[in-house]
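So this one's upload_3.txt, compact mmCIF, C-alpha atoms:
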```txt
# COMPACT_ATOMS: atom_id res chain seq x y z
CA MET A 149 0.00 0.00 0.00
CA LEU A 150 2.78 2.41 0.85
CA ALA A 151 4.33 2.01 -2.59
CA ARG A 152 1.17 3.45 -4.19
CA LEU A 153 1.48 6.76 -2.34
CA PRO A 154 2.77 9.87 -4.11
CA PRO A 155 6.53 10.34 -3.56
CA HIS A 156 6.11 13.32 -1.23
CA PHE A 157 4.11 11.12 1.17
CA ARG A 158 7.08 8.83 1.75
CA ASP A 159 8.98 11.28 3.93
CA GLY A 160 7.99 13.98 6.41
CA GLY A 161 5.09 14.92 4.17
CA LEU A 162 3.30 11.73 5.19
CA ARG A 163 3.24 12.72 8.86
CA LEU A 164 1.98 16.20 7.98
CA PHE A 165 -0.71 14.65 5.80
CA ILE A 166 -1.81 12.29 8.57
CA GLU A 167 -1.91 15.03 11.20
CA LYS A 168 -3.95 17.24 8.89
CA GLU A 169 -6.40 14.44 8.17
CA ILE A 170 -6.80 13.69 11.88
CA HIS A 171 -7.36 17.34 12.70
CA HIS A 172 -10.09 17.81 10.08
CA MET A 173 -11.91 14.50 10.49
CA THR A 174 -15.03 15.02 12.57
CA ASN A 175 -17.21 12.41 10.88
CA PHE A 176 -16.81 9.38 8.65
CA THR A 177 -17.86 11.26 5.54
CA GLY A 178 -14.69 13.32 5.86
CA LEU A 179 -12.60 10.24 5.05
CA ASN A 180 -11.77 9.04 1.59
CA LEU A 181 -13.42 5.70 2.22
CA ALA A 182 -15.17 3.93 -0.64
CA GLN A 183 -18.80 4.99 -0.91
CA PRO A 184 -20.18 1.46 -0.38
CA ILE A 185 -18.32 1.36 2.97
CA LEU A 186 -19.66 4.78 3.98
CA ARG A 187 -23.20 3.66 3.17
CA ALA A 188 -22.76 0.47 5.16
CA ILE A 189 -21.50 2.25 8.29
CA ALA A 190 -24.28 4.83 7.92
CA ASP A 191 -26.72 1.91 7.99
CA GLU A 192 -25.06 0.86 11.26
CA GLY A 193 -25.74 4.31 12.70
CA TYR A 194 -22.10 5.41 12.74
CA THR A 195 -21.63 9.13 12.29
CA THR A 196 -18.70 10.32 14.40
CA PRO A 197 -15.51 8.26 14.76
CA THR A 198 -14.34 7.28 18.23
CA PRO A 199 -10.89 8.60 19.24
CA ILE A 200 -9.07 5.40 18.25
CA GLN A 201 -10.90 5.41 14.90
CA GLY A 202 -10.27 9.07 14.26
CA LYS A 203 -6.55 8.72 14.92
CA SER A 204 -5.97 5.32 13.29
CA ILE A 205 -7.97 5.36 10.07
CA PRO A 206 -6.07 8.15 8.22
CA PRO A 207 -2.58 6.63 8.66
CA LEU A 208 -3.88 3.15 7.85
CA LEU A 209 -5.47 4.51 4.69
CA ALA A 210 -2.10 6.05 3.87
CA GLY A 211 -0.41 2.65 4.17
CA ARG A 212 1.42 3.25 7.43
CA ASP A 213 2.26 0.50 9.93
CA LEU A 214 0.49 1.28 13.19
CA LEU A 215 0.63 0.42 16.88
CA GLY A 216 -2.75 1.21 18.48
CA VAL A 217 -3.38 1.25 22.23
CA ALA A 218 -6.91 1.78 23.53
CA GLN A 219 -9.25 0.46 26.21
CA THR A 220 -11.81 -2.18 25.42
CA GLY A 221 -15.09 -0.88 24.03
CA THR A 222 -13.51 2.04 22.15
CA GLY A 223 -14.13 0.83 18.60
CA LYS A 224 -10.80 -0.78 17.68
CA THR A 225 -12.42 -3.23 15.26
CA ALA A 226 -13.79 -0.53 12.96
CA ALA A 227 -10.49 1.34 13.31
CA PHE A 228 -8.68 -1.37 11.39
CA ALA A 229 -11.56 -3.00 9.48
CA LEU A 230 -12.68 0.09 7.54
CA PRO A 231 -9.29 0.99 6.02
CA LEU A 232 -8.63 -2.70 5.36
CA LEU A 233 -11.86 -3.08 3.39
CA HIS A 234 -11.16 0.15 1.53
CA HIS A 235 -7.77 -1.23 0.48
CA LEU A 236 -9.28 -4.52 -0.69
CA ALA A 237 -12.05 -2.70 -2.58
CA GLN A 238 -9.51 -0.67 -4.56
CA SER A 239 -8.59 -3.79 -6.49
CA ALA A 240 -11.39 -6.26 -5.86
CA ASP A 241 -9.87 -9.10 -7.88
CA LYS A 242 -11.34 -12.55 -7.66
CA PRO A 243 -10.20 -14.25 -4.46
CA ARG A 244 -7.41 -16.76 -4.89
CA ARG A 245 -7.66 -20.34 -3.67
CA HIS A 246 -5.97 -20.81 -0.30
CA ARG A 247 -4.26 -17.38 -0.54
CA PRO A 248 -6.03 -14.51 1.28
CA ARG A 249 -4.93 -10.91 0.73
CA ALA A 250 -5.53 -9.88 4.34
CA LEU A 251 -5.09 -11.70 7.65
CA ILE A 252 -6.52 -10.68 11.02
CA LEU A 253 -5.27 -12.67 14.00
CA ALA A 254 -7.35 -12.81 17.22
CA PRO A 255 -6.70 -14.70 20.47
CA THR A 256 -10.16 -16.24 21.05
CA ARG A 257 -12.99 -17.78 19.08
CA GLU A 258 -15.48 -15.21 20.33
CA LEU A 259 -13.33 -12.27 19.29
CA ALA A 260 -12.58 -13.82 15.90
CA GLY A 261 -16.29 -14.37 15.32
CA GLN A 262 -17.17 -10.81 16.25
CA ILE A 263 -14.48 -9.39 13.96
CA GLY A 264 -15.84 -11.57 11.15
CA ASP A 265 -19.37 -10.30 11.80
CA SER A 266 -18.13 -6.71 11.64
CA LEU A 267 -16.30 -7.29 8.36
CA ARG A 268 -19.42 -8.79 6.81
CA ARG A 269 -21.57 -5.86 7.94
CA TYR A 270 -19.15 -3.20 6.71
CA SER A 271 -18.55 -4.97 3.37
CA ARG A 272 -22.08 -6.02 2.53
CA ARG A 273 -22.17 -3.58 -0.41
CA LEU A 274 -18.82 -4.79 -1.73
CA GLN A 275 -17.89 -7.86 -3.75
CA LEU A 276 -15.52 -9.16 -1.08
CA ARG A 277 -15.36 -12.55 0.55
CA THR A 278 -14.38 -13.00 4.18
CA ALA A 279 -14.01 -16.11 6.33
CA VAL A 280 -13.38 -16.92 9.98
CA VAL A 281 -11.44 -19.98 11.15
CA PHE A 282 -10.96 -21.17 14.73
CA GLY A 283 -10.71 -24.39 16.69
CA GLY A 284 -13.41 -26.20 18.61
CA THR A 285 -15.50 -26.74 15.50
CA SER A 286 -15.30 -28.74 12.27
CA ILE A 287 -12.40 -27.83 10.02
CA ARG A 288 -14.15 -29.01 6.83
CA PRO A 289 -16.32 -25.92 6.18
CA GLN A 290 -13.24 -23.78 6.79
CA ILE A 291 -11.22 -25.76 4.25
CA LYS A 292 -14.09 -25.39 1.77
CA ALA A 293 -14.17 -21.60 2.23
CA LEU A 294 -10.43 -21.32 1.69
CA THR A 295 -10.61 -23.54 -1.37
CA HIS A 296 -13.22 -21.23 -2.92
CA GLY A 297 -11.00 -18.29 -2.00
CA VAL A 298 -11.40 -15.34 0.38
CA HIS A 299 -10.11 -11.79 0.32
CA ALA A 300 -9.84 -11.43 4.11
CA LEU A 301 -9.31 -14.15 6.69
CA VAL A 302 -9.91 -13.84 10.45
CA ALA A 303 -8.27 -16.59 12.49
CA THR A 304 -7.10 -17.81 15.85
CA PRO A 305 -3.45 -18.94 15.86
CA GLY A 306 -3.92 -22.66 16.51
CA ARG A 307 -6.41 -23.36 13.75
CA LEU A 308 -4.53 -21.13 11.33
CA ILE A 309 -1.35 -23.17 11.80
CA ASP A 310 -3.34 -26.41 11.43
CA LEU A 311 -4.61 -25.23 8.04
CA MET A 312 -1.11 -24.16 6.99
CA ASN A 313 0.40 -27.50 8.02
CA GLN A 314 -2.26 -29.39 6.07
CA GLY A 315 -1.55 -27.36 2.94
CA TYR A 316 -4.90 -25.58 2.75
CA LEU A 317 -3.56 -22.11 3.47
CA ARG A 318 -0.65 -20.04 2.19
CA LEU A 319 0.20 -16.58 3.50
CA ASP A 320 2.54 -15.44 0.73
CA ALA A 321 -0.14 -13.18 -0.82
CA VAL A 322 -1.05 -11.31 2.38
CA GLU A 323 -0.87 -7.55 1.85
CA VAL A 324 -2.27 -6.46 5.23
CA PHE A 325 -1.64 -8.21 8.55
CA ILE A 326 -3.55 -7.14 11.67
CA LEU A 327 -2.92 -8.50 15.16
CA ASP A 328 -5.78 -7.70 17.54
CA GLU A 329 -5.72 -7.95 21.36
CA ALA A 330 -1.98 -8.55 21.30
CA ASP A 331 -1.66 -8.45 25.09
CA ARG A 332 -4.13 -11.30 25.52
CA MET A 333 -2.46 -13.18 22.67
CA LEU A 334 0.79 -13.23 24.64
CA ASP A 335 -0.96 -13.91 27.97
CA MET A 336 -2.43 -17.06 26.41
CA GLY A 337 0.99 -18.30 25.32
CA PHE A 338 0.63 -17.73 21.59
CA ILE A 339 3.97 -15.95 21.13
CA HIS A 340 5.63 -18.85 19.27
CA ASP A 341 2.58 -19.33 17.04
CA VAL A 342 2.52 -15.63 16.21
CA LYS A 343 6.21 -15.71 15.29
CA LYS A 344 5.70 -18.76 13.08
CA ILE A 345 2.78 -17.07 11.31
CA ALA A 346 4.70 -13.83 10.86
CA ALA A 347 7.61 -15.74 9.32
CA ALA A 348 5.27 -17.08 6.62
CA LEU A 349 4.11 -13.57 5.62
CA PRO A 350 5.70 -11.50 2.84
CA GLN A 351 8.29 -8.99 4.00
CA ARG A 352 6.52 -6.28 2.02
CA ARG A 353 3.19 -5.78 3.75
CA GLN A 354 1.28 -3.36 5.95
CA THR A 355 1.03 -4.40 9.60
CA ALA A 356 -1.14 -3.06 12.41
CA LEU A 357 -1.03 -4.21 16.02
CA PHE A 358 -3.79 -3.28 18.46
CA SER A 359 -3.78 -3.85 22.20
CA ALA A 360 -5.69 -2.66 25.25
CA THR A 361 -2.49 -2.51 27.30
CA MET A 362 1.17 -2.15 26.38
CA PRO A 363 3.42 -4.30 28.59
CA LYS A 364 7.05 -4.75 27.59
CA SER A 365 6.29 -8.11 25.96
CA VAL A 366 3.83 -6.50 23.54
CA GLN A 367 6.24 -3.67 22.81
CA GLY A 368 8.90 -6.24 21.98
CA LEU A 369 6.53 -8.03 19.62
CA ALA A 370 5.64 -4.75 17.94
CA ASP A 371 9.31 -3.92 17.45
CA ASN A 372 9.77 -7.20 15.58
CA LEU A 373 6.63 -7.03 13.43
CA LEU A 374 6.18 -3.36 12.56
CA ASN A 375 8.18 -1.16 10.21
CA ASP A 376 8.56 2.43 11.44
CA PRO A 377 5.09 2.37 13.02
CA LEU A 378 2.98 5.31 14.05
CA ARG A 379 1.93 4.85 17.70
CA ILE A 380 -1.63 5.82 18.54
CA GLU A 381 -2.66 5.84 22.19
CA VAL A 382 -6.03 7.30 23.11
CA ALA A 383 -5.91 6.58 26.85
CA PRO A 384 -3.07 6.00 29.32
CA THR A 385 -2.05 2.34 29.51
CA ALA A 386 -4.05 0.30 32.03
CA THR A 387 -6.58 3.01 32.83
CA THR A 388 -10.20 1.97 33.36
CA ALA A 389 -13.31 3.35 31.77
CA GLU A 390 -14.14 6.67 33.42
CA LYS A 391 -17.83 5.89 33.71
CA VAL A 392 -17.38 2.59 35.54
CA ASP A 393 -18.33 2.83 39.23
CA GLN A 394 -15.83 0.50 40.91
CA ARG A 395 -16.54 -1.09 44.31
CA VAL A 396 -14.93 -3.86 46.38
CA LEU A 397 -16.65 -6.13 48.91
CA PHE A 398 -14.54 -7.97 51.49
CA VAL A 399 -15.91 -11.46 52.03
CA ALA A 400 -14.68 -14.85 53.20
CA LYS A 401 -14.05 -17.25 50.33
CA ASP A 402 -16.73 -19.72 51.46
CA LYS A 403 -19.35 -16.94 51.59
CA LYS A 404 -18.84 -15.65 48.03
CA ARG A 405 -21.68 -17.60 46.42
CA ALA A 406 -24.09 -16.52 49.16
CA LEU A 407 -23.05 -12.89 48.66
CA LEU A 408 -23.53 -13.20 44.90
CA GLY A 409 -27.06 -14.50 45.39
CA GLU A 410 -27.79 -11.63 47.79
CA LEU A 411 -26.56 -9.03 45.31
CA LEU A 412 -28.62 -10.46 42.47
CA ASN A 413 -31.79 -9.83 44.47
CA ASP A 414 -31.27 -6.26 43.27
CA ALA A 415 -33.37 -5.76 40.14
CA ASP A 416 -31.03 -2.98 38.98
CA ILE A 417 -28.49 -5.67 38.12
CA LYS A 418 -30.20 -6.40 34.83
CA ARG A 419 -27.41 -7.90 32.72
CA VAL A 420 -24.32 -9.06 34.58
CA LEU A 421 -21.03 -10.57 33.48
CA ILE A 422 -19.40 -12.62 36.26
CA PHE A 423 -15.72 -13.54 36.17
CA THR A 424 -14.17 -16.53 37.90
CA ARG A 425 -10.54 -17.62 37.95
CA THR A 426 -11.16 -21.24 36.94
CA LYS A 427 -13.42 -23.23 34.64
CA HIS A 428 -14.76 -25.37 37.49
CA GLY A 429 -15.45 -22.23 39.47
CA ALA A 430 -17.51 -20.86 36.59
CA ASP A 431 -19.58 -24.06 36.48
CA ARG A 432 -20.16 -24.00 40.26
CA VAL A 433 -21.31 -20.38 40.18
CA THR A 434 -23.64 -21.10 37.26
CA ARG A 435 -25.23 -24.07 39.05
CA HIS A 436 -25.66 -21.95 42.19
CA LEU A 437 -27.46 -19.23 40.25
CA ASP A 438 -29.68 -21.75 38.47
CA LYS A 439 -30.76 -23.18 41.83
CA ARG A 440 -31.77 -19.68 42.91
CA GLY A 441 -33.90 -19.24 39.80
CA ILE A 442 -31.47 -16.85 38.08
CA LYS A 443 -31.00 -17.72 34.42
CA ALA A 444 -27.28 -18.01 33.79
CA GLY A 445 -24.86 -19.54 31.32
CA ALA A 446 -21.15 -20.29 31.42
CA ILE A 447 -18.43 -19.98 28.81
CA HIS A 448 -14.90 -21.31 29.21
CA GLY A 449 -12.36 -23.47 27.44
CA ASN A 450 -14.01 -26.77 28.38
CA LYS A 451 -17.30 -25.80 26.76
CA SER A 452 -17.95 -26.73 23.13
CA GLN A 453 -18.11 -23.96 20.59
CA ASN A 454 -21.84 -24.57 20.09
CA HIS A 455 -22.43 -24.24 23.84
CA ARG A 456 -20.40 -21.02 24.02
CA GLU A 457 -22.24 -19.48 21.09
CA ARG A 458 -25.62 -20.52 22.53
CA ALA A 459 -24.78 -19.00 25.92
CA LEU A 460 -23.57 -15.78 24.30
CA ARG A 461 -26.72 -15.52 22.18
CA GLY A 462 -28.87 -16.04 25.26
CA PHE A 463 -26.98 -13.33 27.11
CA ARG A 464 -27.27 -10.88 24.21
CA SER A 465 -30.99 -11.51 23.74
CA GLY A 466 -31.73 -11.10 27.46
CA HIS A 467 -32.85 -14.71 27.90
CA LEU A 468 -29.91 -15.11 30.29
CA ARG A 469 -29.49 -12.50 32.99
CA ALA A 470 -25.97 -13.61 33.91
CA LEU A 471 -23.01 -14.90 31.95
CA VAL A 472 -20.22 -16.54 33.95
CA ALA A 473 -16.84 -16.60 32.25
CA THR A 474 -13.12 -17.08 32.65
CA ASP A 475 -10.74 -14.45 31.34
CA ILE A 476 -9.65 -16.40 28.28
CA ALA A 477 -13.17 -17.21 27.11
CA ALA A 478 -14.47 -13.71 27.81
CA ARG A 479 -11.90 -11.80 25.75
CA GLY A 480 -13.83 -10.45 22.80
CA ILE A 481 -17.27 -10.44 24.43
CA ASP A 482 -18.92 -7.30 23.12
CA VAL A 483 -22.49 -7.16 24.43
CA GLU A 484 -24.47 -3.97 24.68
CA GLY A 485 -26.27 -3.13 27.89
CA VAL A 486 -24.06 -4.97 30.41
CA THR A 487 -25.05 -3.07 33.56
CA HIS A 488 -22.65 -4.81 35.95
CA VAL A 489 -19.42 -6.75 35.98
CA ILE A 490 -18.79 -8.86 39.07
CA ASN A 491 -15.32 -10.17 39.81
CA PHE A 492 -16.26 -13.26 41.78
CA ASP A 493 -12.52 -13.96 41.91
CA LEU A 494 -9.97 -11.20 41.55
CA PRO A 495 -7.51 -11.83 38.72
CA ASN A 496 -3.82 -12.35 39.44
CA ASP A 497 -2.94 -10.00 36.60
CA PRO A 498 -4.05 -6.37 37.14
CA ASP A 499 -4.39 -5.83 33.38
CA SER A 500 -7.06 -8.54 33.31
CA TYR A 501 -9.07 -6.45 35.78
CA VAL A 502 -8.96 -3.55 33.34
CA HIS A 503 -10.22 -5.77 30.53
CA ARG A 504 -12.96 -7.27 32.68
CA ILE A 505 -14.56 -4.05 33.87
CA GLY A 506 -14.29 -2.63 30.37
CA ARG A 507 -17.14 -4.94 29.39
CA THR A 508 -19.56 -2.48 30.99
CA ALA A 509 -19.92 1.27 30.41
CA ARG A 510 -19.42 0.74 26.69
CA ALA A 511 -20.39 3.17 23.94
CA GLY A 512 -20.83 6.05 26.37
CA ALA A 513 -23.07 4.21 28.85
CA THR A 514 -22.46 3.95 32.58
CA GLY A 515 -21.79 0.73 34.46
CA THR A 516 -20.77 -0.78 37.79
CA ALA A 517 -17.94 -3.16 38.65
CA LEU A 518 -18.18 -5.12 41.91
CA SER A 519 -15.20 -7.13 43.13
CA PHE A 520 -15.20 -9.79 45.84
CA CYS A 521 -11.98 -9.85 47.84
CA ALA A 522 -11.12 -12.77 50.12
CA HIS A 523 -8.15 -12.92 52.46
CA ASP A 524 -5.79 -14.48 49.91
CA GLU A 525 -6.73 -11.86 47.30
CA ARG A 526 -5.58 -8.83 49.29
CA ALA A 527 -2.28 -8.66 47.40
CA SER A 528 -4.12 -8.79 44.08
CA LEU A 529 -6.33 -5.88 45.13
CA ARG A 530 -3.28 -3.79 46.02
CA ASP A 531 -1.72 -4.54 42.64
CA ILE A 532 -4.94 -3.55 40.88
CA GLU A 533 -5.19 -0.25 42.73
CA LYS A 534 -1.57 0.48 41.93
CA THR A 535 -2.14 -0.27 38.24
CA ILE A 536 -5.34 1.80 37.86
CA ARG A 537 -3.82 4.54 40.02
CA GLN A 538 -6.80 4.86 42.35
CA SER A 539 -8.34 3.22 45.39
CA VAL A 540 -11.46 1.13 44.87
CA THR A 541 -14.37 2.20 47.07
CA VAL A 542 -15.22 -0.32 49.81
CA ILE A 543 -18.82 -1.44 50.39
CA GLU A 544 -19.37 -2.59 53.98
CA ASP A 545 -23.16 -2.57 53.93
CA HIS A 546 -23.74 -6.23 53.07
CA PRO A 547 -24.49 -9.24 55.29
CA TYR A 548 -21.18 -11.01 54.60
CA HIS A 549 -18.77 -8.14 55.22
CA ALA A 550 -15.49 -9.50 56.61
CA ALA A 551 -13.99 -6.76 58.77
CA ASP A 552 -10.86 -8.79 59.49
CA ILE A 553 -10.04 -8.94 55.76
CA ALA A 554 -10.89 -5.26 55.26
CA ASN A 555 -8.62 -4.24 58.15
CA ASP A 556 -5.73 -6.46 57.10
CA ALA A 557 -3.10 -4.12 55.73
CA GLY A 558 -1.14 -7.05 54.38
CA PRO A 559 2.53 -7.88 54.88
CA ALA A 560 4.92 -5.11 55.84
CA PRO A 561 7.35 -3.85 53.21
CA ARG A 562 10.44 -5.99 52.88
CA ARG A 563 13.36 -4.69 54.94
CA PRO A 564 16.70 -3.89 53.31
CA GLN A 565 18.76 -7.02 52.82
CA SER A 566 22.22 -5.46 53.18
CA ARG A 567 22.81 -6.80 56.70
CA LYS A 568 21.95 -10.38 55.89
CA ARG A 569 24.59 -12.97 56.56
CA PRO A 570 26.10 -14.45 53.40
CA GLY A 571 24.20 -17.54 52.31
CA GLN A 572 21.05 -16.67 54.28
CA HIS A 573 18.15 -18.01 52.20
CA ARG A 574 14.88 -16.23 51.65
CA ARG A 575 13.00 -19.29 52.84
CA ASN A 576 13.48 -17.80 56.33
CA GLN A 577 11.06 -15.02 55.36
CA PRO A 578 7.40 -15.45 56.23
CA GLN A 579 5.45 -17.43 53.64
CA ARG A 580 2.91 -14.64 53.44
CA GLN A 581 5.48 -12.09 52.29
CA ARG A 582 6.82 -14.45 49.59
CA SER A 583 3.28 -15.02 48.30
CA ALA A 584 2.61 -11.31 48.12
CA ARG A 585 5.74 -10.71 46.04
CA ARG A 586 4.85 -13.51 43.65
CA ALA A 587 1.42 -11.91 43.15
CA ALA A 588 2.92 -8.44 42.58
```
Let's see the structure in the file written out as structure tokens.
Amino acid sequence: MLARLPPHFRDGGLRLFIEKEIHHMTNFTGLNLAQPILRAIADEGYTTPTPIQGKSIPPLLAGRDLLGVAQTGTGKTAAFALPLLHHLAQSADKPRRHRPRALILAPTRELAGQIGDSLRRYSRRLQLRTAVVFGGTSIRPQIKALTHGVHALVATPGRLIDLMNQGYLRLDAVEVFILDEADRMLDMGFIHDVKKIAAALPQRRQTALFSATMPKSVQGLADNLLNDPLRIEVAPTATTAEKVDQRVLFVAKDKKRALLGELLNDADIKRVLIFTRTKHGADRVTRHLDKRGIKAGAIHGNKSQNHRERALRGFRSGHLRALVATDIAARGIDVEGVTHVINFDLPNDPDSYVHRIGRTARAGATGTALSFCAHDERASLRDIEKTIRQSVTVIEDHPYHAADIANDAGPAPRRPQSRKRPGQHRRNQPQRQRSARRAA
């Protein structure tokens, strides 16, 4: 794409052009997007770009590699999908068998499916074929789609490599490569898969990497994949949505399910996403809610793809009031009208907290995040508050309030080690302090 730009755009003039476009763009009609795309997004009710869209679309249209950092629920999918479709529409050749022109990599099935849905909506007035491939479902329809040929392919890493190894997919014709939710991709251990996929791509391509947070591991990946990228960051790393009302409830671990049932007596909690740390924990919480007459579904890695899609549909339609999920399964859930997020278990990783509560207060709405904190989660709460740079308001007015946990300041700071005798091992330190450092 960059090679097609006028010569004066390949130096400092490109940056000036991009900055000018960003400054003047107040609505989608101000972009040089193909008319069929503008009509499609108008049908979706889009008029004014979100900050990540407004800052990302012009440089992507200009062919620039891009590193985009933005919170969940800020419109990242359209930020990369619209310029991608515009590029494909400029030369809408017949799709080639097994050789897509664009590749979008996503960490989870749910996110891949939602990106595919967005591409189909935005391109419905164009003669472009898209496909989505992921594990947990039959590979045969995916092979058939690739054999017929697609312009753009959305994939999870594992299934993509399966198709490559079986000879049904080649990446040598990819012109645009997009890596979405890069932080979660690395959290899930996909770094080697991503490197293998990147090695199969042409050297001459446009690459965009999007992430909700920017730890050093993601920055390192970006350094290896991107060529002189423009960095777009619309919110400080690891900040939480401003309109989310965050509260913490101190409770003994064996009283958490009882507290959850008590909270859900409140009719204001209309559509709630509940996070647990483990798959078995998600199933136990779901069964507990069902016994109380609260319609709930669970999604996690042990559930079949059909079950996960059915639960997600029920949650979207309002048939299910609660959806219980683990972090991995929940990445990519984009459901309007989630009034509350409940952290039944606090995550070990503070960035996961940011992602979780970002599932409410989307698209300008308000929302509430309630976190249960047991004794062994005190260190996790401190790490979260340090990461989001604010204290979470404590709710004591509930029947299971544990004052001993609330008043526990945690282990004292570690003393300087300079006076230790040579050879003194840290096993002499209290177990509680070692656990707190491992959680930090």
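Here CA of Asn450 (chain A) is placed at a distance of 19.8 Å from CA of Leu468 (chain A).
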Could you list, with a cut-off of 9 Å and counting all atoms listed in the file, the residues of region 430-516 of chain A near region 393-399 of chain A, each shown with its nearest atom pair and the distance in Å rounded to one decimal, rows sorted by chain and ascending number, as a tab-separated table?
```
residue	atom	partner	partner_atom	distance
A:Ile505	CA	A:Gln394	CA	8.5
A:Thr514	CA	A:Asp393	CA	7.9
A:Gly515	CA	A:Asp393	CA	6.3
A:Thr516	CA	A:Asp393	CA	4.6
```
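The shortest atom-to-atom distance to Arg272 (chain A), with all atoms listed in the file taken into account, belongs to A:Pro184 out of A:Gly485, A:Pro184, A:Pro255, A:Gly429.
Shortest atom-to-atom contact with Val382 (chain A) among A:Ala470, A:Ile200, A:Ala279, A:Ile553: A:Ile200, counting all atoms listed in the file.
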Task: Shell of 10 Å around Ala303 (chain A), all atoms listed in the file, local chain residues under 3 positions omitted, as JSON, numbers by chain - done: {"A": [251, 252, 253, 254, 255, 256, 257, 259, 260, 261, 263, 264, 279, 280, 281, 282, 283, 300, 306, 307, 308, 309]}
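One distance worth recording is that between CA of His235 (chain A) and CA of Leu274 (chain A), which is 11.8 Å.
Separating CA of Ala513 (chain A) from CA of Leu421 (chain A) is a distance of 15.6 Å.
Each of A:Ala293, A:Ala226, A:Val342, A:Ala444 was compared to Asp431 (chain A) using only C-alpha atoms, and A:Ala444 turns out to be the nearest.
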TODO: Considering all atoms listed in the file, return as JSON, numbers by chain whatever protein or nucleic-acid residues lie within 7 Å of Thr434 (chain A), sequence-local ones (same chain, fewer than 4 positions apart) excluded.
DONE: {"A": [430, 438, 444, 445, 446, 472]}
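With distances restricted to all atoms listed in the file, A:Ala218 is the closest residue to Arg379 (chain A) from A:Ile345, A:Leu294, A:Ala218, A:Ala229.
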- [ ] Enumerate, as a count of residues only, the protein, DNA and RNA residues whose atoms approach (-29.4, -10.6, 27.0) to within 12 Å, taking into account only C-alpha atoms and the coordinate frame of the file.
- [x] 27
Task: Contacts of Thr198 (chain A) at 9 Å (only C-alpha atoms; same-chain gap of 2+ positions) as a VMD selection string - done: chain A and resid 196 200 to 203 222 to 224 227
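Minimum atom-to-atom distance to Met312 (chain A), evaluated using all atoms listed in the file, belongs to A:Arg247 out of A:His340, A:Arg247, A:Arg212, A:His296.
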Open item on the list: Restricting the calculation to all atoms listed in the file: of A:Thr541, A:Thr177, A:Gln290, A:Asn555, which residue gets closest to Ala190 (chain A)?
Closed with: A:Thr177
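Near Arg245 (chain A), within a cut-off of 12 Å and counting all atoms listed in the file, sit the residues A:Arg277, A:Ile291, A:Lys292, A:Ala293, A:Leu294, A:Thr295, A:His296, A:Gly297, A:Val298, A:His299, A:Gly315, A:Tyr316, A:Leu317, A:Arg318, A:Leu319, A:Ala321, with same-chain residues fewer than 5 positions away left out.
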Saved selection, atoms kept: C-alpha atoms, as a short mmCIF file (atom, residue, chain, number, x, y, z; two decimals), in the coordinates of the input:
```
data_model
loop_
_atom_site.label_atom_id
_atom_site.label_comp_id
_atom_site.auth_asym_id
_atom_site.auth_seq_id
_atom_site.Cartn_x
_atom_site.Cartn_y
_atom_site.Cartn_z
CA ARG A 277 -15.36 -12.55 0.55
CA ILE A 291 -11.22 -25.76 4.25
CA LYS A 292 -14.09 -25.39 1.77
CA ALA A 293 -14.17 -21.60 2.23
CA LEU A 294 -10.43 -21.32 1.69
CA THR A 295 -10.61 -23.54 -1.37
CA HIS A 296 -13.22 -21.23 -2.92
CA GLY A 297 -11.00 -18.29 -2.00
CA VAL A 298 -11.40 -15.34 0.38
CA HIS A 299 -10.11 -11.79 0.32
CA GLY A 315 -1.55 -27.36 2.94
CA TYR A 316 -4.90 -25.58 2.75
CA LEU A 317 -3.56 -22.11 3.47
CA ARG A 318 -0.65 -20.04 2.19
CA LEU A 319 0.20 -16.58 3.50
CA ALA A 321 -0.14 -13.18 -0.82
#
```
With a cut-off of 8 Å, could you pull out the residues of region 422-521 of chain A touching region 408-413 of chain A and give me the nearest pair of atoms for each, distance in Å to one decimal, using all atoms listed in the file, ordered by chain and ascending number, as CSV?
```
residue,atom,partner,partner_atom,distance
A:Leu437,CA,A:Gly409,CA,7.0
A:Arg440,CA,A:Gly409,CA,7.4
A:Phe492,CA,A:Leu408,CA,7.9
```
Task: Within 8 Å of Ala250 (chain A) using all atoms listed in the file, minus same-chain residues under 2 positions, as a list in words - done: Leu232, Pro248, Ile252, His299, Ala300, Leu301, Val322, Glu323, Val324 and Phe325 of chain A
